[in-house]
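**Q** Dropping the structure in here first, questions after.
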Amino acid sequence: VEGKLVAGLCHTDERNPFSLWQDGHVSPCFNQLVLGALPHAGTAVFCACYLGAPPPCGWTLRLVAALLAALLFVADVALVGVVQQGDMYLDLLTDGCAVLAWLVHFSAITVLQKTSFRRTRGPPLLPLLVLLSVPNLVVTLTIYCKTDGYLNATEPLKLARFVLASARTLPPLVYLLAFAFPCISDSGYTFRLRPDTGEMVAEDRSGCGSRLFYLWLTPLLRRGQRGELDRPADVYHLPRKLRTSVVCRYFHQCWEGDVGLLRVLHKAFGLRYYLLGVLKVVVNMLSFTGPLLLSGLVTFMEEDGAPVSRGAWCALGLFATTLLSSVLRNFFVFEVSKVALSARAALVSAVYGKALRVSGSGLASFTLGEVVNLMSTDVDRVVNFFNSFHELWSLPFSFAVALYLLYLQVGVAFLGGLGVALLLVPLNKLLASRIISNNRDMLRYKDSRVKLMTEILFGIRVIKFYNWESHFAQKVADCRQQELSHLRAIKYLDAMCVYTWAALPVVISILTFVTFVMLGHQLTAAKVFTTLALVGMLIIPLNSFPWVLNGILESKVSLERIQRFFSLTNQNLQAHYALVSPEDDRTSVLLSQGTFSWQRPDGPDQNQSRRVLQGSLVVVVGEVGCGKSSLLAAVAGELHRLSGVVYVADREVGFGLASQEPWIQHASVRDNILFGKDYDPDLYQAVVQACALADDLNVLPNGDKTEVGENGVTLSGGQKARLALARAAYMDKDVYLLDDPLAAVDADVAEHLMQKCVLGLLRGKTRILCTHRIEFVDRADTVVLMENGTIVKTGPPAEILPLVEAPDDDDEPGPPADLWSGGDDGDDPERSGEEQKLAGGLAWRVYQTYWAAMGGALASSVLMSLLLMQASKNVSDWWLSHWISQLKNNGSAATGELVSSHLLLFSPGGLTLYSSSPLPSQVNVSADVRFYLTVYTSIAAANTVFTALRAFLFAYGAICAATAVHNRLLDRVLKATVTFFDTTPLGRVLNRFSSDLYSVDDSLPFILNILLANAFGLLGMLVVMSYGLPWVLVPLLPLALLYHHTQRFYRHTSRELKRLCSLTLSPVYSHFSETLTGLATIRASGSTARFEEESAKRLEQNQRCLFLSNAAMQWLDIRLQLIGVAVVTGIAVIAVVQHQFHSVDPGLVGLSLSYALSITSLLSGLIFSFAQTEMQLVSVERTEEYSSGLPTEPQHQNAQLPSAWPEKGQVEFRGAVLSYRDGLPNALDGVSLSVRPGEKVGVVGRTGSGKSTLFLALFRMVELNRGQILLDGLDLSAVGLGQLRSRLAIIPQDPFLFSGTIRENLDPCGRQPDEQLLDVLDQCHLSPVVERMGGLDAEVGERGKCFSVGQRQLLCLARALLTQAKVLCIDEATASVDQRTDKLLQQTIREKFQDKTVLTIAHRINTIMDCDRVLVMHAGKVVEFDTPLALCQSDQSVFRRLVAARGE
C-alpha cells in the first residue's frame, strides 16, 4: 500500500516507487520528500517551540527573509496548481510544508524580537534549520536546468517556476547574513555598556562580522554626522584590553629589574606583533594573484573561440582574491594600530612615572623642554616603529619576486636597467641622509625659535614697556630665516626624490630594451609591456625603502633618548635620611655635618650640626644668594647628600612646602588650596583668614571658584605667594618649610601672615622660615645665619640680630592692607576659557588664504603642470595599447606561452605578456618597432619634464606660503593688545607658533602634494577606463554615488574625532609640564600617586579619541576596498560578456583592467589625503584666526614730536576713566592729579585700588575710556606708542630676564657702550656677582635662573637706569632684596634720578617717608595727595590712620 501511495504521489513506477538516483542526478521524489518536505516539517515543529518561550533572537532582516520565503512558496503552489504535472501532489506537499515552516519561523522571530534578549543573535538552532532546506533548493535548480521546457521561453509557466526557484535562494542567504552580521542600531548598543559607568565601550563583545566591517562604529559615525561629537566624553570607551590601566599594569609586570626598554617592549607586545607578521605574508602573497588572473583574462580575450567558462573562472577568481586580500589587509592595519596604541599608553605613563621619581640632581641634566619632548616627539617616533617594521622585510620580498619575473621575460638583459636602479639606491640614500640632516638642523632652529617665542610671550609686558618689539621681531625673523633655509633644502631634495621616482621607470625600461637588442634578440610589443609592468613594480620598494629605514633609525635614536632618561637615578629617600632617631624624642629635624650639592661639586651647602625641636620656629636669614633655599631643599630631599646626617621625624607624612617662586596650578582657587584633600569648611575658612585671602576672594568674580590661569597668571605676585602658603597650611603636616612667602607682600599683610598664619594657625608645628624681613626675626625660637652656602652661626634672635645690619627705626610700620601690584586689577571670570573647538567643515576662506599665501600665479602653474603630467602619462599608456592592437591586427604578434605575474597591478602599461624564444639575431630593429618606440620615448620624455616642473614648482610654492603665513602671524601677535595676552593662555598662542606652523611648513605641503596627485590620477584613470570600455560607466555611476555618500558620512565624524584628538592631547602635555614645574611641592606633600592618576585619566581620554579615529579610518577603508572589488569584478564581467559578442579590443580591456586594479588604492588615497589635508588646513585656519582677528594697538606715529620731549617730566591726569573690558568696573574712575617735574611720588592703596593701572594707562598698555593724560603738556594719545614708551622707564614688579647674556638683557638693541653697562651694574651692586659669573657675556640661563630672585630685580633696575628717561615708574621692585641692599638701592635711585620724575608703588614705609608727596588711591579714585608730613598732621587723613595703626 505504501508503495502505491508513494508511486501515486511521486508519479513513479510502482516496482521502484522511491528511487534515490534518476537520469544521473538525485530523483525528484527523494529530493521533494526527504530533502524538501521533511526538513520544512522539522523546521515548523522546532520553531513552534519558541512561540511560547522567551529565549533570545534577532531582528528585521530575518523577519523579512522568512516572510519572503513563505510568499515565494505560496506563489509556487499556485503555479503547480496551474501547470498540473504528474507529480503535482508531491510538489504541493513539499511547498505546503515549506509555507508552514517559514510562517511558523516568522512568528517565532516576531515573538523573540519582543524579548529582552533581542540584543544577541538568538538560538543557533534557527539558522541550522534554515540551512537544512538548502540541499533541496540546489537539487531542484539542477533538475530544472536539465529538464526540457524549464529554460524555454515558449513555456512561460515552467520558466516562471524556474525563476521562482532561483529567487528562493535569496531569503536563506539574507537570513544567514543577518544572523552572521547583526546590525546594531543606536538603541541596540546598550549591551556594550560598562557596568561601572554606564557608558559605551568600543568593539568588545561585537560579533565577527561586526568587527570585520566595523558595524559597531556606525552609531558613533551617525552621531558625528548629526554633529553630536562635541566633547571627549561623547566617544566610546576603549575595549578592555586597550585601557590605559590594563596596559600599564601588564607593562610594569614585564619590566623586572634594570633591563633595556627595547627588551621590555619586546616582552610586552612582541608575540602579538610577530603573529601579525604572518598575516602580512599572506596579504603579500595574495597581492600577486590579482595580476596573474588578470593576464589570464587578457589571454582569454585574445583567443576568439575560447570557452566562456574560462573567462568566468578568471572573473570569479579576481573577485574572490581581491575581496580576501582587502579584508585581511584591513584587519592587519587595524591590529597593528592597536599594538602601537598600547605601546604609546605604556610609554607615556612610564615617562610620567619616572619624572615623578627621578632625583632632583638627575633631572637637572635635562631642561623642561627636553623632558616634555620625550613624552611628545620621542614616544611618537618609537610608536611609529610598529608601523615601519613589517615593511622592512616585506619590501625586499616584493622586490625579489619582481626581479625573478623580469628575468623570466628578458633574460639577462634586465641587468642593464637594474644597474641604474641600484645606482639610484645610494643616490636615494644620499638624498635621504641629506634630508635627515637638514631636518635635524631645521628642528634645531625651530626649537630655538619656539623657545624665543616662549620667552617673548612670557615677557610681552616688559617688551612692550621698553618698546623692544621690533628688536625681538628681528631676532625671531633671523631664527626663522635659518629654519627656512633648511626647509627649502628639504623641499627641493624631496622634489628631487619625487622626480627620480617618476623618471626612473622610463630610463630603466629603455636601457633594458637597448641591452636586449644589443644581445641580438628581437623586440616585440609583449616584451615591451611586460618589462614596463615589472619595472613599475621594482620602483616601489626601491623608493620607499630609504624612508622605512629612516623611520626605524629615528625610532632607534628616540628609544635611546628615552632610555637615557629612564637610567637617571631615582630619588632615594631611604638613603637620603638617617633612619636612626636621635636620643631626644623632641627633635623634629636634625642636620649634622651635612654637605649637599645640586650635583655640582662647587658651592655645596655645608652645615654645622643643628637640631630643630618639635613645634619650634626657626628663621633662616642671610644675603641674597647665600643658600637659604638650598638649605630647605636639602631638608626636603631634593638635594644630593654628599656626607653628614639628615633626620626628619615622620617624614613619610611629607612636608608643607611654600616655595620662593609660588607654583600655582591651572585650576580654581579652591582646588589650589585643597590640593586633592577633602573640603573641610572650618579648616578652609581658617586658612583663608590666616592667609589674608578673604578680601581677595570677595574681589574675584567667582570667589574661590575663579579659574587661575597657568602659572597663576591671573593673580598678582602677592596673591600667588599667599595662595601657595594657604595650600601648604591646608595640608596640615608636622613640618613646614617656608621659603620667603613674605617677600611679595607689603609690611601690613606680612605682619598679618606672620601673626595669624605662621605663629597662629601653624602654632605647634615645626616651621623653618627663610626671610629678608628682619622685623620678624625676634619672634623666632632660633635664628640661623647663612653666608656663601654655609651656616655661620645659630642662636637665639638677640644674639644674631646685631650681626644682621640693623634697619632704620621707621622700617617697622607699613601701609594698611595689602599693597601689592594687582597688575590684573579687574579680572574677568571667563578669562581663560576652554579653547574653542572649531566645528563643522572648513570654510572656503581657508583654501583661499593658502592659495593667496602661495601666490595665485604660482598656484595656477602648479595645477597646470600637474594636468600636463597626468595627461602625458595616460597618453603614453594609450599609445602602448594602440601599438599592441596594431600588431595584433597585422598578425605580427608572436603567440608564445603565457608567463604572467603581478604586472598589471603596478603599471597601467602592462597588458599581455608572452615569452617567446629568442629570434635569429636581427640587430636592425624593424622600422615599425622603431617608429613606435620613438613616439613612446618622446611622450615619456615630455612626461618627465612635466614631472620635474611640477615637483620643483610645488616645493617653491610651499616655501612661499610658509614664509607668508609666519610673517603675518608674528607681526599681528606682537602688535596685539596687552588685554589679549592677559586673557589667552600662553600655550594657546605658542601652539600657533610651534605645531600649527610646523604643519604649514612641512606636513601640509607633503599631504597636499599627494592629494593633488591622487585627484589627477583618478581623473586620468576614469577617462581611460571610459574610453576603453564605455559599458563600465553603467556600474560606475551608482558606485560613484555610493563613494560620495560614504566619504561624506566618514569625513564629518573623522574631522570631529581629529579635532577631539588634538583637543585632548594638550591637557596631557600641559599637565606634564605643570607637574615638572611643581615637582618639589608635589613630592614634598606626598601627592605623587594622585598626579599619576590624573595623568592616566587625561591620557585615557586622548587614547579613546585616537583609537576611534583609527577605527573610523579602517571603517572607511574596508568600504572603499569593497567598492574597488566591485569595479574590478564589474569590468571583468563586462569584458567576458562583450567577448561573447566579439566587440572588444583586448589591448583596451587590458589597459582598463590594469587601471581598475589600482583603483582601490587611489580611492582610499584620495579620501585619506583629503581628510588629512583638511586636518592640516585646520592649522592654516588657526593661524589665520590670529593673523586677521587679533585686536591690535594703534600703530600711528607723531611726526612733529620734538626729539627732546619730554624735557621737564611733568605728568598730569585729567579726569582719566579706564576699565579693562566692557562690563567690568572702572579701574580708574575720574583720576585727576598733576605731578611736578622732578617730583618723587609714592603711591599707596589696597589691592585693586588702581595703583598699577595708573602705570598701565601712562604707558598706554590699556587705552583710556574718557579723559586724558598729559606729559609736558602734550596729550599722550597724540603720540605714537613706540615714541611714548621709549621715553619712559619702568621697573615692573615681576623681574623678567630673557635667556641670553647679561649684556643682551640690559641693552638688547645694543645702543650703549660696555663701560656704561658696567657702571650701571656697579650702581646696582651687582658687579661682584657678574664678575664671578664671567663678565657681561655670561649667560643668565632660562628666565634668568642663574640669578636669585633678588639679583634679578637688581638687573631690572639696571635696565631702567640705562634708559635715561625723564619719568621713572617703580612697581616696588625690592621686595626680594635684603635690607642692606635695599637701602643702597634707594640711595642710588635718589642720586641718579635727582632731577627726574619718579612714581613709586610703595610697600615699605621708609620709601614713602622719603617721597615728596604721597598719593593714596582707593577704588580707582584719588583719596589724598599731599606731602607725608601734611598728611600725618591732618586729622581726617587715611594715611595718618595707617601710620598711627603702626604705632608711629
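Identifiers in the C-alpha cells: chain A, B, ... in order shown; residue index from 1 per chain; ligand index from 1 in order shown.
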List the spatial neighbours of Ile1007 in chain A as a PDB file with N, CA and C atoms, in the first residue's frame - criterion: any atom at most 7 Å away, only C-alpha atoms, same-chain residues fewer than 5 positions off excluded.

**A**
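So out.pdb came out as:
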ATOM      1  N   SER A1169      43.950  61.369   1.915  1.00  0.00           N
ATOM      2  CA  SER A1169      44.753  62.576   1.726  1.00  0.00           C
ATOM      3  C   SER A1169      43.860  63.804   1.834  1.00  0.00           C
ATOM      4  N   GLN A1172      43.247  64.233   5.555  1.00  0.00           N
ATOM      5  CA  GLN A1172      44.489  64.712   6.177  1.00  0.00           C
ATOM      6  C   GLN A1172      44.739  66.176   5.800  1.00  0.00           C
ATOM      7  N   THR A1173      44.489  66.497   4.529  1.00  0.00           N
ATOM      8  CA  THR A1173      44.711  67.877   4.095  1.00  0.00           C
ATOM      9  C   THR A1173      43.789  68.810   4.859  1.00  0.00           C
TER      10      THR A1173
END

**Q** Give me the residues near range 1338-1340 of chain A as a list in words, where near means some atom within 8 Å (using only C-alpha atoms) and where sequence neighbours in that chain fewer than 4 positions away do not count.

**A** Leu1297, Phe1298, Ser1299, Gly1300, Thr1301, Ile1302, Val1330, Met1333, Gly1334, Gly1344, Lys1345, Cys1346 and Phe1347 of chain A

**Q** Just checking: using only C-alpha atoms, which residue out of A:Tyr445, A:Tyr1043, A:Phe954, A:Tyr1220 ends up closest to Asp982 in chain A?

**A**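 Closest candidate: A:Tyr1220.
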
**Q** List every residue of range 1029-1253 of chain A that DSSP, applied to the backbone of this structure, assigns to strand (DSSP E), and report them as an NGL selection string.

**A** :A and (1211-1218 or 1228-1235 or 1240-1245)

**Q** Of the residues A:Ala575, A:Val1149, A:Ala961, A:Leu347, which is the one nearest to Leu642 in chain A, using only C-alpha atoms?

**A**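 Among the listed residues, A:Ala575 lies closest to Leu642 in chain A.
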
**Q** Mind pulling up the distance from CA of Ser1062 in chain A to CA of Asp971 in chain A?

**A** 25.9 Å

**Q** Which residues, written as an MDAnalysis selection string, have at least one atom at most 10 Å from range 620-630 of chain A, with only C-alpha atoms counted and residues fewer than 3 positions away on the same chain left out?

**A** chainID A and resid 596:598 603:606 617 633:636 638:639 659:660 737:740 768:774 777 780 782:792 794 800:801 804 1329 1347:1351 1376:1381

**Q** Using C-alpha atoms, can you export the residues from the last selection as a JSON list (two decimals), in the first residue's frame?

**A**
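Saved to selection_25.json:
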[["chain", "number", "residue", "atom", "x", "y", "z"],
["A", 596, "PHE", "CA", 74.82, 68.78, 49.85],
["A", 597, "SER", "CA", 75.02, 69.78, 46.20],
["A", 598, "TRP", "CA", 72.84, 70.18, 43.13],
["A", 603, "GLY", "CA", 79.40, 75.57, 46.48],
["A", 604, "PRO", "CA", 77.74, 72.78, 48.41],
["A", 605, "ASP", "CA", 75.73, 73.68, 51.48],
["A", 606, "GLN", "CA", 77.89, 72.87, 54.45],
["A", 617, "LEU", "CA", 60.00, 78.29, 64.65],
["A", 633, "ALA", "CA", 65.79, 71.70, 49.52],
["A", 634, "ALA", "CA", 68.31, 69.64, 51.49],
["A", 635, "VAL", "CA", 65.77, 69.02, 54.24],
["A", 636, "ALA", "CA", 63.10, 68.13, 51.67],
["A", 638, "GLU", "CA", 65.71, 67.43, 46.65],
["A", 639, "LEU", "CA", 69.48, 67.96, 47.00],
["A", 659, "SER", "CA", 58.50, 77.72, 47.61],
["A", 660, "GLN", "CA", 60.01, 81.10, 46.83],
["A", 737, "LEU", "CA", 59.35, 74.65, 55.01],
["A", 738, "LEU", "CA", 58.50, 78.25, 54.12],
["A", 739, "ASP", "CA", 60.75, 79.91, 51.55],
["A", 740, "ASP", "CA", 60.24, 83.65, 51.87],
["A", 768, "ILE", "CA", 61.64, 76.64, 59.07],
["A", 769, "LEU", "CA", 61.18, 80.09, 57.57],
["A", 770, "CYS", "CA", 63.59, 81.89, 55.22],
["A", 771, "THR", "CA", 63.06, 85.62, 55.02],
["A", 772, "HIS", "CA", 64.59, 89.03, 54.37],
["A", 773, "ARG", "CA", 62.18, 90.73, 56.73],
["A", 774, "ILE", "CA", 64.38, 91.43, 59.72],
["A", 777, "VAL", "CA", 63.27, 87.68, 63.36],
["A", 780, "ALA", "CA", 61.73, 83.11, 66.28],
["A", 782, "THR", "CA", 66.14, 80.06, 66.86],
["A", 783, "VAL", "CA", 67.80, 82.09, 64.12],
["A", 784, "VAL", "CA", 70.22, 80.64, 61.56],
["A", 785, "LEU", "CA", 72.59, 83.00, 59.77],
["A", 786, "MET", "CA", 73.94, 81.80, 56.42],
["A", 787, "GLU", "CA", 76.69, 83.05, 54.18],
["A", 788, "ASN", "CA", 78.02, 81.57, 50.91],
["A", 789, "GLY", "CA", 76.26, 78.27, 51.40],
["A", 790, "THR", "CA", 77.47, 77.71, 54.95],
["A", 791, "ILE", "CA", 75.75, 78.15, 58.29],
["A", 792, "VAL", "CA", 77.81, 80.79, 60.05],
["A", 794, "THR", "CA", 72.93, 79.62, 65.09],
["A", 800, "ILE", "CA", 72.06, 87.00, 65.81],
["A", 801, "LEU", "CA", 70.13, 90.24, 65.18],
["A", 804, "VAL", "CA", 72.48, 91.43, 60.52],
["A", 1329, "VAL", "CA", 78.19, 88.72, 41.06],
["A", 1347, "PHE", "CA", 70.43, 84.55, 39.47],
["A", 1348, "SER", "CA", 68.42, 84.53, 42.65],
["A", 1349, "VAL", "CA", 65.12, 86.42, 42.59],
["A", 1350, "GLY", "CA", 66.65, 89.41, 44.36],
["A", 1351, "GLN", "CA", 69.51, 89.64, 41.88],
["A", 1376, "SER", "CA", 63.02, 90.11, 47.45],
["A", 1377, "VAL", "CA", 66.10, 92.07, 48.42],
["A", 1378, "ASP", "CA", 67.65, 92.10, 51.86],
["A", 1379, "GLN", "CA", 67.56, 95.28, 53.96],
["A", 1380, "ARG", "CA", 71.10, 96.45, 53.32],
["A", 1381, "THR", "CA", 70.92, 96.13, 49.56]]

**Q** Which residue gives the smallest distance to Ile1167 in chain A among A:Cys10, A:Asp1117, A:Phe179, A:Pro1206, with only C-alpha atoms counted?

**A**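 Of all the options, A:Asp1117 lies closest to Ile1167 in chain A.
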
**Q** Between A:Leu408, A:Leu723, A:Val1231, A:Leu164, which is the closest to Ala744 in chain A once you count only C-alpha atoms?

**A**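 Counting only C-alpha atoms, the residue closest to Ala744 in chain A is A:Leu723.
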
**Q** Which polymer residues have any atom within 12 Å of an atom of Ser309 in chain A, counting only C-alpha atoms, with same-chain residues fewer than 6 positions away left out, as a PyMOL selection string?

**A** chain A and resi 297+300+315-317+1133+1136-1137+1140
